[in-house]
$ cat data_7.cif   # mmCIF, C-alpha atoms and all ligand atoms
data_work
loop_
_atom_site.label_atom_id
_atom_site.label_comp_id
_atom_site.auth_asym_id
_atom_site.auth_seq_id
_atom_site.Cartn_x
_atom_site.Cartn_y
_atom_site.Cartn_z
CA MET A 1 -29.48 -4.34 7.49
CA THR A 2 -26.71 -1.87 8.27
CA ILE A 3 -23.12 -3.02 7.88
CA SER A 4 -20.20 -0.63 8.08
CA THR A 5 -16.84 -1.32 6.51
CA SER A 6 -15.30 -1.52 9.98
CA ASN A 7 -17.27 -4.74 10.62
CA LEU A 8 -15.60 -6.55 7.74
CA VAL A 9 -12.59 -8.84 7.91
CA THR A 10 -9.45 -7.48 6.26
CA ALA A 11 -7.66 -9.63 3.64
CA PRO A 12 -5.28 -8.74 0.79
CA THR A 13 -6.99 -6.61 -1.86
CA LEU A 14 -4.84 -7.99 -4.67
CA PRO A 15 -4.36 -11.69 -5.34
CA ASP A 16 -1.05 -13.13 -6.40
CA SER A 17 -0.48 -12.75 -10.15
CA ASN A 18 -0.63 -16.56 -10.39
CA CYS A 19 -3.64 -16.94 -8.09
CA PRO A 20 -4.66 -20.61 -8.39
CA LEU A 21 -7.98 -20.42 -6.52
CA CYS A 22 -10.17 -20.77 -9.63
CA PRO A 23 -8.62 -23.56 -11.71
CA ARG A 24 -10.70 -22.85 -14.82
CA LEU A 25 -9.71 -19.17 -14.81
CA ALA A 26 -6.09 -19.99 -14.04
CA ASP A 27 -6.07 -22.28 -17.10
CA PHE A 28 -7.68 -19.61 -19.26
CA ARG A 29 -5.08 -17.11 -18.03
CA ALA A 30 -2.25 -19.53 -18.83
CA GLN A 31 -3.59 -20.05 -22.36
CA ALA A 32 -3.85 -16.29 -22.87
CA ARG A 33 -0.24 -15.84 -21.73
CA LEU A 34 0.91 -18.31 -24.36
CA ARG A 35 -1.25 -16.79 -27.09
CA GLU A 36 -0.68 -13.11 -26.22
CA PRO A 37 2.55 -12.80 -24.21
CA GLY A 38 2.47 -9.00 -24.48
CA TRP A 39 -0.86 -8.73 -22.69
CA PHE A 40 -1.35 -8.25 -18.95
CA ASN A 41 -3.03 -11.66 -18.42
CA SER A 42 -3.15 -11.53 -14.59
CA PRO A 43 -5.67 -10.65 -11.88
CA VAL A 44 -6.48 -6.97 -12.41
CA ASP A 45 -6.05 -4.67 -9.43
CA SER A 46 -8.44 -1.87 -8.53
CA PHE A 47 -7.77 1.56 -10.03
CA GLY A 48 -7.98 4.74 -7.96
CA ASP A 49 -7.51 6.06 -4.46
CA PRO A 50 -8.56 3.87 -1.50
CA ASN A 51 -9.58 7.10 0.24
CA ALA A 52 -12.15 7.87 -2.45
CA ARG A 53 -15.82 8.21 -1.51
CA LEU A 54 -17.04 6.47 -4.67
CA LEU A 55 -16.37 2.84 -5.58
CA ILE A 56 -17.54 1.34 -8.87
CA VAL A 57 -17.80 -2.44 -9.07
CA GLY A 58 -17.86 -4.13 -12.46
CA LEU A 59 -18.10 -7.79 -13.39
CA ALA A 60 -14.64 -8.97 -14.46
CA PRO A 61 -11.81 -7.93 -16.81
CA GLY A 62 -12.72 -8.06 -20.48
CA LEU A 63 -10.46 -10.27 -22.57
CA GLN A 64 -9.25 -7.43 -24.79
CA GLY A 65 -9.93 -4.72 -22.23
CA ALA A 66 -8.50 -4.89 -18.72
CA ASN A 67 -7.02 -8.35 -19.28
CA ARG A 68 -4.97 -6.89 -22.11
CA THR A 69 -4.11 -3.51 -20.60
CA GLY A 70 -4.06 -4.24 -16.84
CA ARG A 71 -6.35 -1.33 -15.85
CA PRO A 72 -10.06 -1.86 -15.15
CA PHE A 73 -12.38 -0.97 -18.05
CA THR A 74 -9.45 0.17 -20.18
CA GLY A 75 -9.32 -0.78 -23.86
CA ASP A 76 -12.83 -1.98 -24.62
CA TYR A 77 -16.23 -0.46 -25.30
CA ALA A 78 -17.43 -0.58 -21.68
CA GLY A 79 -14.53 1.68 -20.76
CA ASP A 80 -15.39 4.22 -23.45
CA LEU A 81 -18.80 4.79 -21.89
CA LEU A 82 -17.68 4.51 -18.27
CA TYR A 83 -14.73 6.89 -18.48
CA ALA A 84 -16.65 9.42 -20.60
CA THR A 85 -19.33 9.46 -17.91
CA LEU A 86 -16.82 9.75 -15.06
CA LEU A 87 -15.14 12.67 -16.84
CA GLU A 88 -18.52 14.36 -17.37
CA TYR A 89 -19.43 14.14 -13.68
CA GLY A 90 -16.05 15.11 -12.30
CA PHE A 91 -15.00 11.67 -11.08
CA ALA A 92 -12.03 11.63 -13.47
CA SER A 93 -9.66 14.19 -14.96
CA GLY A 94 -7.48 14.20 -18.04
CA VAL A 95 -8.16 12.41 -21.29
CA TYR A 96 -9.13 8.77 -21.65
CA ARG A 97 -7.14 7.18 -24.47
CA ALA A 98 -7.89 3.52 -23.68
CA ARG A 99 -4.33 2.93 -22.46
CA PRO A 100 -3.08 2.60 -18.88
CA ASP A 101 -0.41 5.26 -19.58
CA ASP A 102 -2.91 7.85 -20.85
CA GLY A 103 -2.49 9.90 -17.65
CA LEU A 104 -6.19 9.73 -16.78
CA LYS A 105 -6.75 10.23 -13.03
CA LEU A 106 -9.76 9.20 -11.03
CA VAL A 107 -11.07 11.89 -8.70
CA ASP A 108 -12.63 10.71 -5.41
CA CYS A 109 -13.34 7.45 -7.23
CA ARG A 110 -12.03 3.90 -7.40
CA ILE A 111 -12.91 1.12 -9.84
CA SER A 112 -12.85 -2.59 -9.07
CA ASN A 113 -14.40 -5.84 -10.26
CA ALA A 114 -16.35 -8.64 -8.62
CA VAL A 115 -13.98 -11.13 -10.27
CA ARG A 116 -10.31 -10.27 -10.85
CA CYS A 117 -9.45 -12.67 -13.67
CA VAL A 118 -10.87 -12.69 -17.18
CA PRO A 119 -13.51 -15.40 -17.57
CA PRO A 120 -14.30 -17.18 -20.85
CA GLN A 121 -17.18 -15.41 -22.67
CA ASN A 122 -17.32 -12.83 -19.86
CA LYS A 123 -19.16 -15.41 -17.74
CA PRO A 124 -17.64 -16.32 -14.39
CA LEU A 125 -19.14 -19.36 -12.65
CA PRO A 126 -20.91 -18.91 -9.32
CA ALA A 127 -18.08 -20.71 -7.50
CA GLU A 128 -15.54 -18.31 -9.06
CA ILE A 129 -17.57 -15.28 -8.03
CA ASN A 130 -17.79 -16.67 -4.50
CA THR A 131 -14.07 -17.42 -4.35
CA CYS A 132 -12.96 -14.03 -5.59
CA ARG A 133 -15.32 -12.17 -3.23
CA GLN A 134 -12.62 -12.14 -0.57
CA PHE A 135 -10.70 -9.60 -2.67
CA LEU A 136 -13.77 -7.47 -3.32
CA ARG A 137 -14.60 -7.52 0.38
CA ALA A 138 -11.05 -6.50 1.23
CA THR A 139 -11.24 -3.69 -1.32
CA ILE A 140 -14.34 -2.27 0.35
CA THR A 141 -12.87 -2.77 3.81
CA THR A 142 -9.80 -0.76 2.89
CA MET A 143 -11.86 2.24 1.81
CA PRO A 144 -12.51 4.01 5.11
CA THR A 145 -14.39 6.92 3.56
CA VAL A 146 -16.45 5.10 0.92
CA ARG A 147 -20.02 6.46 0.84
CA ALA A 148 -21.26 5.43 -2.61
CA ILE A 149 -20.89 2.18 -4.54
CA VAL A 150 -22.12 1.91 -8.13
CA LEU A 151 -22.87 -1.70 -8.99
CA LEU A 152 -22.62 -2.48 -12.69
CA GLY A 153 -24.90 -5.41 -13.38
CA ARG A 154 -26.54 -8.11 -11.33
CA ILE A 155 -23.39 -10.10 -10.57
CA ALA A 156 -21.59 -7.05 -9.17
CA HIS A 157 -24.75 -6.18 -7.24
CA GLU A 158 -25.14 -9.63 -5.69
CA SER A 159 -21.49 -10.18 -4.90
CA THR A 160 -21.16 -6.78 -3.25
CA LEU A 161 -24.30 -7.35 -1.19
CA LYS A 162 -22.88 -10.67 -0.02
CA ALA A 163 -19.54 -9.01 0.76
CA LEU A 164 -21.39 -6.47 2.89
CA GLY A 165 -23.55 -9.10 4.58
CA ILE A 166 -26.85 -7.89 3.09
CA ARG A 167 -29.57 -10.41 2.21
CA LEU A 168 -30.26 -10.37 -1.53
CA ALA A 169 -34.02 -10.38 -0.93
CA ALA A 170 -33.66 -7.18 1.09
CA ALA A 171 -32.13 -5.28 -1.81
CA PRO A 172 -33.24 -6.61 -5.22
CA PHE A 173 -31.33 -5.55 -8.31
CA ALA A 174 -32.99 -3.04 -10.65
CA HIS A 175 -31.46 -0.38 -12.85
CA GLY A 176 -31.68 2.92 -10.96
CA ALA A 177 -32.45 1.27 -7.61
CA VAL A 178 -30.70 2.60 -4.52
CA HIS A 179 -30.06 0.65 -1.32
CA MET A 180 -28.36 1.56 1.97
CA SER A 181 -25.69 -0.31 3.89
CA GLY A 182 -24.92 1.75 6.95
CA GLN A 183 -23.36 4.96 5.69
CA ILE A 184 -22.86 3.53 2.20
CA LYS A 185 -25.40 4.13 -0.57
CA LEU A 186 -25.52 1.45 -3.25
CA TYR A 187 -26.58 2.46 -6.78
CA ASP A 188 -27.65 -0.23 -9.25
CA SER A 189 -27.00 0.12 -12.95
CA TYR A 190 -27.10 -2.19 -15.90
CA HIS A 191 -23.56 -2.98 -16.97
CA CYS A 192 -22.18 -0.56 -19.56
CA SER A 193 -21.25 -3.40 -21.94
CA ARG A 194 -21.45 -3.08 -25.68
CA TYR A 195 -24.14 -5.77 -25.68
CA ASN A 196 -26.38 -3.82 -23.29
CA THR A 197 -25.99 -0.56 -25.19
CA ASN A 198 -26.37 -2.16 -28.64
CA THR A 199 -29.59 -3.87 -27.56
CA GLY A 200 -30.98 -0.73 -25.92
CA VAL A 201 -31.05 -2.31 -22.45
CA LEU A 202 -28.86 0.59 -21.31
CA THR A 203 -28.84 3.98 -23.01
CA THR A 204 -26.21 6.62 -22.45
CA ASP A 205 -28.80 8.77 -20.70
CA MET A 206 -29.81 5.96 -18.35
CA PHE A 207 -26.16 5.52 -17.41
CA ARG A 208 -25.55 9.26 -17.00
CA LYS A 209 -28.53 9.53 -14.64
CA VAL A 210 -26.96 7.02 -12.25
CA PHE A 211 -23.81 9.13 -11.97
CA ALA A 212 -25.78 12.37 -11.83
CA ASN A 213 -27.49 10.94 -8.73
CA VAL A 214 -24.17 9.96 -7.20
CA ARG A 215 -22.76 13.43 -7.86
CA LYS A 216 -25.84 15.08 -6.35
CA ASP A 217 -25.59 12.91 -3.22
CA LEU A 218 -21.83 13.29 -2.74
CA GLY A 219 -21.84 17.00 -3.55
S1 LIG A 301 -10.84 -14.88 -10.09
FE1 LIG A 301 -10.01 -14.16 -8.14
S2 LIG A 301 -9.94 -15.94 -6.79
FE2 LIG A 301 -10.21 -16.69 -8.90
S3 LIG A 301 -8.13 -17.12 -9.64
FE3 LIG A 301 -8.60 -15.01 -10.24
S4 LIG A 301 -7.86 -13.73 -8.56
FE4 LIG A 301 -7.93 -15.84 -7.80
#

$ encode --input "data_7.cif" --output "structure tokens" --more "lines below"
Ligand code: SF4
Amino acid sequence: MTISTSNLVTAPTLPDSNCPLCPRLADFRAQARLREPGWFNSPVDSFGDPNARLLIVGLAPGLQGANRTGRPFTGDYAGDLLYATLLEYGFASGVYRARPDDGLKLVDCRISNAVRCVPPQNKPLPAEINTCRQFLRATITTMPTVRAIVLLGRIAHESTLKALGIRLAAAPFAHGAVHMSGQIKLYDSYHCSRYNTNTGVLTTDMFRKVFANVRKDLG
């Protein structure tokens, strides 16, 4: 199936900071605000230029990562591996210091998540993934020049396919798999979580190869 971003309905890309659409996540957010008032504790916006050609879609903010700092993949292990890889392949410049004020810039790249609010145990429910897809869809829609989307993990893969109107059976998830959606090439990768790297599901080399492919394709 070929779907271009121009076929998709436009909606806000960023929910209200008190978005109530997922009651369980709104409760979790409220508890985090009481416990850690200095943390971000709100839906996390995408990072990077909407005119980028590369979009990376993760799962959801990590409790002590993006939920704490307010920038996707910033402050936890997954960010260490992701930003090191983006710097290596020229999709970021500067120095990553795990803080939103570290001055790191994305280059022709944007980072978003399938779910904008931190879920308990990093596990959003299917209904929450479905509800938050409107913001992921809007993110893709507002990227007129996107040509490559890296999908970190099965949930990001499936939610992005649904956002693009692609049948899941037509594009099964597998690390290293590549699928097409009109002019957009979709690259599957296991999520760069500490769990996946500690258990050997994802090695640094496996992750680097995904971005090497993207770099080769985008030039
Ligand atoms: S996960 Fe998305 S839809 Fe659900 S409450 Fe957060 S911002 Fe709203």

$ residues_around --input "data_7.cif" --residues "Asn41 (chain A)" --least-positions-apart "4" --cutoff "12 Å" --atoms "all atoms listed in the file" --output "PyMOL selection string"
chain A and resi 17-19+25-37+45+61-71+116-119

$ closest_residue --input "data_7.cif" --among "A:Leu55, A:Leu186, A:Ile129, A:Ile166" --to "ligand LIG 301 (chain A)" --atoms "only C-alpha atoms and all ligand atoms"
A:Ile129

$ axis_aligned_box --input "data_7.cif" --around "region 17-26 of chain A" --padding-each-side "3 Å" --output "lines of an AutoDock Vina configuration file"
center_x = -5.6
center_y = -18.2
center_z = -10.7
size_x = 16.2
size_y = 16.8
size_z = 14.3

$ residues_around --input "data_7.cif" --residues "Val214 (chain A)" --least-positions-apart "4" --cutoff "8 Å" --atoms "all atoms listed in the file" --output "count of residues only"
4

$ closest_residue --input "data_7.cif" --among "A:Arg110, A:Arg53, A:Lys123, A:Lys216" --to "Arg24 (chain A)" --atoms "only C-alpha atoms"
A:Lys123

$ closest_residue --input "data_7.cif" --among "A:Gly79, A:Gly153, A:Pro172, A:Pro124" --to "ligand LIG 301 (chain A)" --atoms "all atoms listed in the file"
A:Pro124

$ atom_distance --input "data_7.cif" --atom1 "CA of Ile140 (chain A)" --atom2 "CA of Ser42 (chain A)"
20.8 Å

$ atom_distance --input "data_7.cif" --atom1 "CA of Gly219 (chain A)" --atom2 "CA of Asp80 (chain A)"
24.5 Å

$ atom_distance --input "data_7.cif" --atom1 "CA of Phe211 (chain A)" --atom2 "CA of His191 (chain A)"
13.1 Å

$ residues_near_point --input "data_7.cif" --point "(-33.0, 2.9, -11.9)" --cutoff "8 Å" --atoms "only C-alpha atoms" --output "list in words"
Ala174, His175, Gly176, Ala177, Val178, Asp188, Ser189, Met206 and Val210 of chain A

$ closest_residue --input "data_7.cif" --among "A:Ala170, A:Ala163, A:Ile111, A:Leu82" --to "Arg194 (chain A)" --atoms "only C-alpha atoms"
A:Leu82

$ closest_residue --input "data_7.cif" --among "A:Leu86, A:Ile184, A:Ala138, A:Ala114" --to "Thr160 (chain A)" --atoms "only C-alpha atoms"
A:Ala114

$ closest_residue --input "data_7.cif" --among "A:Val95, A:Leu14, A:Asp101, A:Cys132" --to "ligand LIG 301 (chain A)" --atoms "only C-alpha atoms and all ligand atoms"
A:Cys132

$ residues_around --input "data_7.cif" --residues "Lys105 (chain A)" --least-positions-apart "2" --cutoff "7 Å" --atoms "all atoms listed in the file" --output "list in words"
Ala92, Ser93, Gly94, Gly103 and Val107 of chain A
